[in-house]
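Below is the file my_file_3.csv, which contains CSV, N, CA and C atoms.
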chain,number,residue,atom,x,y,z
A,1,LYS,N,4.3,16.3,-15.6
A,1,LYS,CA,3.5,15.3,-14.8
A,1,LYS,C,2.9,15.9,-13.6
A,2,LYS,N,1.6,15.6,-13.4
A,2,LYS,CA,0.9,16.2,-12.3
A,2,LYS,C,1.4,15.6,-10.9
A,3,VAL,N,1.4,16.4,-9.9
A,3,VAL,CA,1.7,15.9,-8.6
A,3,VAL,C,0.4,15.5,-7.9
A,4,ASP,N,0.4,14.3,-7.3
A,4,ASP,CA,-0.8,13.8,-6.7
A,4,ASP,C,-0.8,14.2,-5.2
A,5,TYR,N,-1.2,15.4,-4.9
A,5,TYR,CA,-1.2,15.9,-3.5
A,5,TYR,C,-2.1,15.1,-2.6
A,6,GLU,N,-3.2,14.6,-3.1
A,6,GLU,CA,-4.1,13.8,-2.2
A,6,GLU,C,-3.3,12.6,-1.7
A,7,ALA,N,-2.7,11.9,-2.6
A,7,ALA,CA,-1.9,10.7,-2.2
A,7,ALA,C,-0.7,11.0,-1.3
A,8,LEU,N,0.0,12.1,-1.7
A,8,LEU,CA,1.1,12.5,-0.9
A,8,LEU,C,0.8,12.8,0.6
A,9,GLN,N,-0.4,13.4,0.8
A,9,GLN,CA,-0.8,13.8,2.1
A,9,GLN,C,-1.7,12.8,2.8
A,10,SER,N,-1.8,11.7,2.2
A,10,SER,CA,-2.6,10.6,2.7
A,10,SER,C,-2.0,10.0,4.0
A,11,PRO,N,-2.8,9.6,5.0
A,11,PRO,CA,-2.2,8.8,6.1
A,11,PRO,C,-1.5,7.5,5.7
A,12,LEU,N,-1.8,7.0,4.5
A,12,LEU,CA,-1.2,5.8,4.0
A,12,LEU,C,0.3,6.0,3.8
A,13,MET,N,0.7,7.3,3.6
A,13,MET,CA,2.1,7.6,3.3
A,13,MET,C,2.9,7.5,4.6
A,14,ARG,N,2.3,7.3,5.7
A,14,ARG,CA,3.0,7.0,7.0
A,14,ARG,C,3.7,5.6,7.0
A,15,ILE,N,3.2,4.8,6.1
A,15,ILE,CA,3.8,3.4,6.0
A,15,ILE,C,5.2,3.6,5.4
A,16,PRO,N,6.2,3.1,6.1
A,16,PRO,CA,7.6,3.2,5.6
A,16,PRO,C,7.8,2.8,4.2
A,17,LYS,N,8.5,3.6,3.4
A,17,LYS,CA,8.9,3.3,2.0
A,17,LYS,C,7.7,3.1,1.1
A,18,MET,N,6.5,3.6,1.5
A,18,MET,CA,5.3,3.5,0.7
A,18,MET,C,5.4,4.2,-0.6
A,19,ASP,N,4.9,3.5,-1.7
A,19,ASP,CA,5.0,4.0,-3.0
A,19,ASP,C,3.8,4.9,-3.3
A,20,ILE,N,4.0,6.0,-3.9
A,20,ILE,CA,2.9,7.0,-4.2
A,20,ILE,C,1.9,6.4,-5.1
A,21,ALA,N,2.3,5.6,-6.1
A,21,ALA,CA,1.3,5.0,-7.1
A,21,ALA,C,0.4,4.0,-6.4
A,22,VAL,N,1.0,3.2,-5.4
A,22,VAL,CA,0.2,2.3,-4.7
A,22,VAL,C,-0.7,3.0,-3.7
A,23,THR,N,-0.2,4.1,-3.1
A,23,THR,CA,-1.1,4.9,-2.3
A,23,THR,C,-2.3,5.4,-3.1
A,24,ARG,N,-2.1,5.9,-4.3
A,24,ARG,CA,-3.2,6.3,-5.2
A,24,ARG,C,-4.1,5.2,-5.5
A,25,ALA,N,-3.5,4.0,-5.7
A,25,ALA,CA,-4.4,2.8,-6.1
A,25,ALA,C,-5.3,2.4,-4.9
A,26,LEU,N,-4.7,2.5,-3.7
A,26,LEU,CA,-5.5,2.2,-2.5
A,26,LEU,C,-6.6,3.2,-2.3
A,27,ILE,N,-6.3,4.5,-2.5
A,27,ILE,CA,-7.3,5.5,-2.4
A,27,ILE,C,-8.4,5.3,-3.4
A,28,ASP,N,-8.1,4.9,-4.6
A,28,ASP,CA,-9.0,4.6,-5.7
A,28,ASP,C,-9.9,3.4,-5.3
A,29,LEU,N,-9.4,2.5,-4.4
A,29,LEU,CA,-10.2,1.4,-3.9
A,29,LEU,C,-11.0,1.8,-2.6
A,30,GLU,N,-11.0,3.1,-2.4
A,30,GLU,CA,-11.8,3.6,-1.2
A,30,GLU,C,-11.1,3.3,0.1
A,31,ILE,N,-9.8,3.0,0.1
A,31,ILE,CA,-9.0,2.8,1.3
A,31,ILE,C,-8.2,4.1,1.6
A,32,LYS,N,-8.5,4.8,2.7
A,32,LYS,CA,-7.9,6.1,2.9
A,32,LYS,C,-7.1,6.1,4.2
A,33,GLU,N,-7.4,5.1,5.1
A,33,GLU,CA,-6.7,5.1,6.4
A,33,GLU,C,-6.0,3.8,6.5
A,34,ILE,N,-4.9,3.8,7.3
A,34,ILE,CA,-4.2,2.6,7.5
A,34,ILE,C,-5.0,1.4,8.1
A,35,TYR,N,-5.9,1.8,9.1
A,35,TYR,CA,-6.6,0.7,9.8
A,35,TYR,C,-7.6,0.0,8.8
A,36,GLU,N,-7.9,0.6,7.7
A,36,GLU,CA,-8.8,0.0,6.7
A,36,GLU,C,-8.2,-1.2,6.0
A,37,LEU,N,-6.9,-1.3,6.1
A,37,LEU,CA,-6.1,-2.4,5.5
A,37,LEU,C,-6.1,-3.7,6.4
A,38,LYS,N,-6.5,-3.6,7.6
A,38,LYS,CA,-6.5,-4.7,8.5
A,38,LYS,C,-7.4,-5.8,8.0
A,39,GLY,N,-6.8,-7.0,8.0
A,39,GLY,CA,-7.6,-8.2,7.6
A,39,GLY,C,-7.8,-8.3,6.1
A,40,ARG,N,-7.3,-7.4,5.3
A,40,ARG,CA,-7.5,-7.5,3.9
A,40,ARG,C,-6.4,-8.4,3.3
A,41,ASP,N,-6.7,-9.0,2.2
A,41,ASP,CA,-5.8,-9.9,1.5
A,41,ASP,C,-5.0,-9.0,0.5
A,42,PRO,N,-3.7,-8.8,0.7
A,42,PRO,CA,-2.9,-7.9,-0.2
A,42,PRO,C,-3.0,-8.4,-1.7
A,43,ASN,N,-3.1,-9.7,-1.9
A,43,ASN,CA,-3.2,-10.2,-3.3
A,43,ASN,C,-4.5,-9.7,-4.0
A,44,ILE,N,-5.6,-9.8,-3.2
A,44,ILE,CA,-6.8,-9.3,-3.8
A,44,ILE,C,-6.8,-7.8,-4.0
A,45,LEU,N,-6.3,-7.1,-3.1
A,45,LEU,CA,-6.2,-5.6,-3.2
A,45,LEU,C,-5.3,-5.3,-4.5
A,46,TYR,N,-4.3,-6.0,-4.7
A,46,TYR,CA,-3.4,-5.8,-5.8
A,46,TYR,C,-4.1,-6.1,-7.1
A,47,GLU,N,-4.9,-7.2,-7.2
A,47,GLU,CA,-5.6,-7.5,-8.4
A,47,GLU,C,-6.7,-6.5,-8.7
A,48,GLU,N,-7.4,-6.0,-7.6
A,48,GLU,CA,-8.4,-5.0,-7.8
A,48,GLU,C,-7.8,-3.7,-8.3
A,49,ALA,N,-6.6,-3.4,-7.8
A,49,ALA,CA,-5.9,-2.2,-8.2
A,49,ALA,C,-5.5,-2.3,-9.7
A,50,ARG,N,-5.0,-3.5,-10.1
A,50,ARG,CA,-4.6,-3.7,-11.5
A,50,ARG,C,-5.7,-3.5,-12.5
A,51,LYS,N,-6.9,-3.9,-12.0
A,51,LYS,CA,-8.1,-3.8,-12.9
A,51,LYS,C,-8.4,-2.3,-13.2
A,52,LYS,N,-8.2,-1.5,-12.2
A,52,LYS,CA,-8.5,-0.1,-12.3
A,52,LYS,C,-7.4,0.7,-12.9
A,53,ASN,N,-6.1,0.3,-12.7
A,53,ASN,CA,-5.0,1.0,-13.2
A,53,ASN,C,-3.9,0.1,-13.7
A,54,ARG,N,-3.7,0.0,-15.0
A,54,ARG,CA,-2.8,-0.9,-15.6
A,54,ARG,C,-1.3,-0.5,-15.3
A,55,GLU,N,-1.1,0.7,-14.7
A,55,GLU,CA,0.2,1.2,-14.4
A,55,GLU,C,0.8,0.5,-13.2
A,56,ILE,N,-0.1,-0.2,-12.4
A,56,ILE,CA,0.4,-1.0,-11.3
A,56,ILE,C,1.1,-2.2,-11.8
A,57,ASN,N,2.4,-2.3,-11.5
A,57,ASN,CA,3.2,-3.4,-12.1
A,57,ASN,C,3.4,-4.5,-11.1
A,58,ASP,N,4.1,-5.6,-11.5
A,58,ASP,CA,4.3,-6.8,-10.7
A,58,ASP,C,5.0,-6.4,-9.4
A,59,TYR,N,5.9,-5.5,-9.5
A,59,TYR,CA,6.7,-5.1,-8.3
A,59,TYR,C,5.8,-4.5,-7.2
A,60,SER,N,4.7,-3.9,-7.6
A,60,SER,CA,3.8,-3.3,-6.6
A,60,SER,C,3.2,-4.2,-5.6
A,61,ILE,N,3.1,-5.5,-5.9
A,61,ILE,CA,2.5,-6.4,-4.9
A,61,ILE,C,3.3,-6.3,-3.6
A,62,ARG,N,4.6,-6.0,-3.6
A,62,ARG,CA,5.3,-5.9,-2.4
A,62,ARG,C,4.8,-4.8,-1.5
A,63,TYR,N,4.4,-3.7,-2.1
A,63,TYR,CA,3.9,-2.6,-1.3
A,63,TYR,C,2.5,-2.9,-0.7
A,64,PHE,N,1.7,-3.6,-1.4
A,64,PHE,CA,0.4,-4.1,-0.9
A,64,PHE,C,0.6,-5.0,0.4
A,65,ARG,N,1.6,-5.9,0.2
A,65,ARG,CA,1.9,-6.8,1.4
A,65,ARG,C,2.4,-6.0,2.5
A,66,LEU,N,3.4,-5.1,2.3
A,66,LEU,CA,3.9,-4.3,3.3
A,66,LEU,C,2.8,-3.5,4.0
A,67,ALA,N,1.9,-2.9,3.3
A,67,ALA,CA,0.9,-2.0,3.8
A,67,ALA,C,0.0,-2.8,4.7
A,68,VAL,N,-0.4,-4.0,4.3
A,68,VAL,CA,-1.3,-4.8,5.1
A,68,VAL,C,-0.6,-5.3,6.4
A,69,TYR,N,0.7,-5.7,6.3
A,69,TYR,CA,1.5,-6.1,7.4
A,69,TYR,C,1.6,-4.9,8.4
A,70,TYR,N,1.9,-3.8,7.9
A,70,TYR,CA,2.0,-2.6,8.8
A,70,TYR,C,0.7,-2.3,9.5
A,71,SER,N,-0.4,-2.4,8.8
A,71,SER,CA,-1.7,-2.1,9.5
A,71,SER,C,-2.0,-3.1,10.6
A,72,GLU,N,-1.6,-4.3,10.4
A,72,GLU,CA,-2.0,-5.4,11.3
A,72,GLU,C,-1.0,-5.5,12.5
A,73,ASN,N,0.2,-4.9,12.3
A,73,ASN,CA,1.3,-5.1,13.4
A,73,ASN,C,1.8,-3.7,13.8
A,74,ILE,N,1.1,-2.7,13.7
A,74,ILE,CA,1.6,-1.3,13.9
A,74,ILE,C,2.2,-1.2,15.3
A,75,ASN,N,1.8,-1.9,16.3
A,75,ASN,CA,2.4,-1.8,17.6
A,75,ASN,C,3.5,-2.8,17.9
A,76,GLN,N,3.8,-3.7,17.0
A,76,GLN,CA,4.9,-4.6,17.2
A,76,GLN,C,5.6,-4.9,15.8
A,77,LEU,N,6.0,-3.9,15.2
A,77,LEU,CA,6.7,-4.0,13.8
A,77,LEU,C,8.1,-4.6,14.0
A,78,GLN,N,8.4,-5.4,13.0
A,78,GLN,CA,9.8,-6.0,12.9
A,78,GLN,C,10.5,-5.3,11.9
A,79,LYS,N,11.7,-4.8,12.2
A,79,LYS,CA,12.5,-4.0,11.3
A,79,LYS,C,12.8,-4.8,9.9
A,80,ASN,N,12.9,-6.1,10.0
A,80,ASN,CA,13.2,-6.8,8.8
A,80,ASN,C,12.0,-7.0,7.9
A,81,LYS,N,10.9,-6.4,8.2
A,81,LYS,CA,9.7,-6.5,7.4
A,81,LYS,C,9.2,-5.1,7.0
A,82,LEU,N,10.0,-4.1,7.1
A,82,LEU,CA,9.6,-2.7,6.8
A,82,LEU,C,10.1,-2.2,5.5
A,83,HIS,N,10.5,-3.0,4.6
A,83,HIS,CA,11.0,-2.6,3.3
A,83,HIS,C,10.3,-3.4,2.2
A,84,PRO,N,9.9,-2.8,1.1
A,84,PRO,CA,9.1,-3.6,0.1
A,84,PRO,C,9.9,-4.9,-0.4
A,85,ASP,N,11.2,-4.8,-0.4
A,85,ASP,CA,11.9,-6.0,-0.9
A,85,ASP,C,11.9,-7.1,0.1
A,86,ASP,N,11.5,-6.9,1.3
A,86,ASP,CA,11.3,-7.9,2.3
A,86,ASP,C,10.1,-8.8,2.0
A,87,TRP,N,9.2,-8.3,1.1
A,87,TRP,CA,8.0,-9.0,0.7
A,87,TRP,C,8.0,-9.5,-0.7
A,88,ALA,N,9.2,-9.8,-1.2
A,88,ALA,CA,9.3,-10.4,-2.6
A,88,ALA,C,8.7,-11.8,-2.6
What's the structure tokens form of this structure?
Amino acid sequence: KKVDYEALQSPLMRIPKMDIAVTRALIDLEIKEIYELKGRDPNILYEEARKKNREINDYSIRYFRLAVYYSENINQLQKNKLHPDDWA
């Protein structure tokens, strides 16, 4: 299996517990920086990602929600919202 170095080195990987496949999906949606997630609807991002990549599964929505939360609250993050399971 190929290693996705672009996704691994992406600023999006600074988001705690971020999934590499979701990072790749966001890059494929032309989102390369954390600030670009501000104001975005995680459900719409998820649906757009699913259209491009069928490997994005139902569990992945949690990572999209986490990523948008992180981008919008980077200076006042709550510890109980920094794990994908907190966004079930």
Using only N, CA and C atoms, which of A:Leu29, A:Ala49, A:Ile34, A:Ile56 sits nearest A:Val68? A:Ile34
Restricting the calculation to only N, CA and C atoms, which member of A:Leu77, A:Asp4, A:Asn57, A:Leu12 is positioned closest to A:Ile31? A:Leu12
Give me, please, the distance in Å between atom CA of A:Glu33 and atom C of A:Ala88, quoted to one decimal. 24.6 Å
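Once only N, CA and C atoms are considered, the residues situated within 6 Å of the file point (6.4, -2.1, 3.5) turn out to be Pro16, Lys17, Arg62, Tyr63, Arg65, Leu66, Ala67, Lys81, Leu82, His83 and Pro84 of chain A.
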Between A:Tyr35, A:Glu48, A:Asp19, A:Asp28, which one has atoms that come closest to A:Asn73, using only C-alpha atoms?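 Closest to A:Asn73, using only C-alpha atoms: A:Tyr35.
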Report the distance between atom CA of A:Ile15 and atom C of A:Tyr70 in Å, rounded to one decimal place.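 Going from atom CA of A:Ile15 over to atom C of A:Tyr70 covers 7.4 Å.
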d(atom N of A:Leu8, atom CA of A:Ile20) in Å: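 We find that atom N of A:Leu8 and atom CA of A:Ile20 lie 6.4 Å from each other.
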With distances taken over only C-alpha atoms, which residue among A:Gln9, A:Asn75, A:Ser60, A:Thr23 lies nearest A:Leu37?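 Nearest candidate to A:Leu37 out of A:Gln9, A:Asn75, A:Ser60, A:Thr23: A:Thr23.
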Using DSSP on the backbone, list every residue of stretch 48-82 of chain A that comes out as helix (DSSP H, G or I), and give them as a VMD selection string. chain A and resid 48 to 52 58 to 72 79 to 81
Can I get the selection written as a short mmCIF file (atom, residue, chain, number, x, y, z; two decimals), keeping the file's coordinate frame, with N, CA and C atoms?
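The result, stored in part_28.cif:
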data_model
loop_
_atom_site.label_atom_id
_atom_site.label_comp_id
_atom_site.auth_asym_id
_atom_site.auth_seq_id
_atom_site.Cartn_x
_atom_site.Cartn_y
_atom_site.Cartn_z
N GLU A 48 -7.40 -6.00 -7.60
CA GLU A 48 -8.40 -5.00 -7.80
C GLU A 48 -7.80 -3.70 -8.30
N ALA A 49 -6.60 -3.40 -7.80
CA ALA A 49 -5.90 -2.20 -8.20
C ALA A 49 -5.50 -2.30 -9.70
N ARG A 50 -5.00 -3.50 -10.10
CA ARG A 50 -4.60 -3.70 -11.50
C ARG A 50 -5.70 -3.50 -12.50
N LYS A 51 -6.90 -3.90 -12.00
CA LYS A 51 -8.10 -3.80 -12.90
C LYS A 51 -8.40 -2.30 -13.20
N LYS A 52 -8.20 -1.50 -12.20
CA LYS A 52 -8.50 -0.10 -12.30
C LYS A 52 -7.40 0.70 -12.90
N ASP A 58 4.10 -5.60 -11.50
CA ASP A 58 4.30 -6.80 -10.70
C ASP A 58 5.00 -6.40 -9.40
N TYR A 59 5.90 -5.50 -9.50
CA TYR A 59 6.70 -5.10 -8.30
C TYR A 59 5.80 -4.50 -7.20
N SER A 60 4.70 -3.90 -7.60
CA SER A 60 3.80 -3.30 -6.60
C SER A 60 3.20 -4.20 -5.60
N ILE A 61 3.10 -5.50 -5.90
CA ILE A 61 2.50 -6.40 -4.90
C ILE A 61 3.30 -6.30 -3.60
N ARG A 62 4.60 -6.00 -3.60
CA ARG A 62 5.30 -5.90 -2.40
C ARG A 62 4.80 -4.80 -1.50
N TYR A 63 4.40 -3.70 -2.10
CA TYR A 63 3.90 -2.60 -1.30
C TYR A 63 2.50 -2.90 -0.70
N PHE A 64 1.70 -3.60 -1.40
CA PHE A 64 0.40 -4.10 -0.90
C PHE A 64 0.60 -5.00 0.40
N ARG A 65 1.60 -5.90 0.20
CA ARG A 65 1.90 -6.80 1.40
C ARG A 65 2.40 -6.00 2.50
N LEU A 66 3.40 -5.10 2.30
CA LEU A 66 3.90 -4.30 3.30
C LEU A 66 2.80 -3.50 4.00
N ALA A 67 1.90 -2.90 3.30
CA ALA A 67 0.90 -2.00 3.80
C ALA A 67 0.00 -2.80 4.70
N VAL A 68 -0.40 -4.00 4.30
CA VAL A 68 -1.30 -4.80 5.10
C VAL A 68 -0.60 -5.30 6.40
N TYR A 69 0.70 -5.70 6.30
CA TYR A 69 1.50 -6.10 7.40
C TYR A 69 1.60 -4.90 8.40
N TYR A 70 1.90 -3.80 7.90
CA TYR A 70 2.00 -2.60 8.80
C TYR A 70 0.70 -2.30 9.50
N SER A 71 -0.40 -2.40 8.80
CA SER A 71 -1.70 -2.10 9.50
C SER A 71 -2.00 -3.10 10.60
N GLU A 72 -1.60 -4.30 10.40
CA GLU A 72 -2.00 -5.40 11.30
C GLU A 72 -1.00 -5.50 12.50
N LYS A 79 11.70 -4.80 12.20
CA LYS A 79 12.50 -4.00 11.30
C LYS A 79 12.80 -4.80 9.90
N ASN A 80 12.90 -6.10 10.00
CA ASN A 80 13.20 -6.80 8.80
C ASN A 80 12.00 -7.00 7.90
N LYS A 81 10.90 -6.40 8.20
CA LYS A 81 9.70 -6.50 7.40
C LYS A 81 9.20 -5.10 7.00
#
Top pick for closest residue to A:Ile44, considering A:Phe64, A:Tyr59, A:Met18, A:Lys32 and counting only C-alpha atoms: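 The closest residue to A:Ile44 is A:Phe64.
Candidate residues A:Glu72, A:Ala25, A:Ser10, A:Lys38 were compared for distance to A:Lys51, and the nearest is A:Ala25, using only C-alpha atoms.
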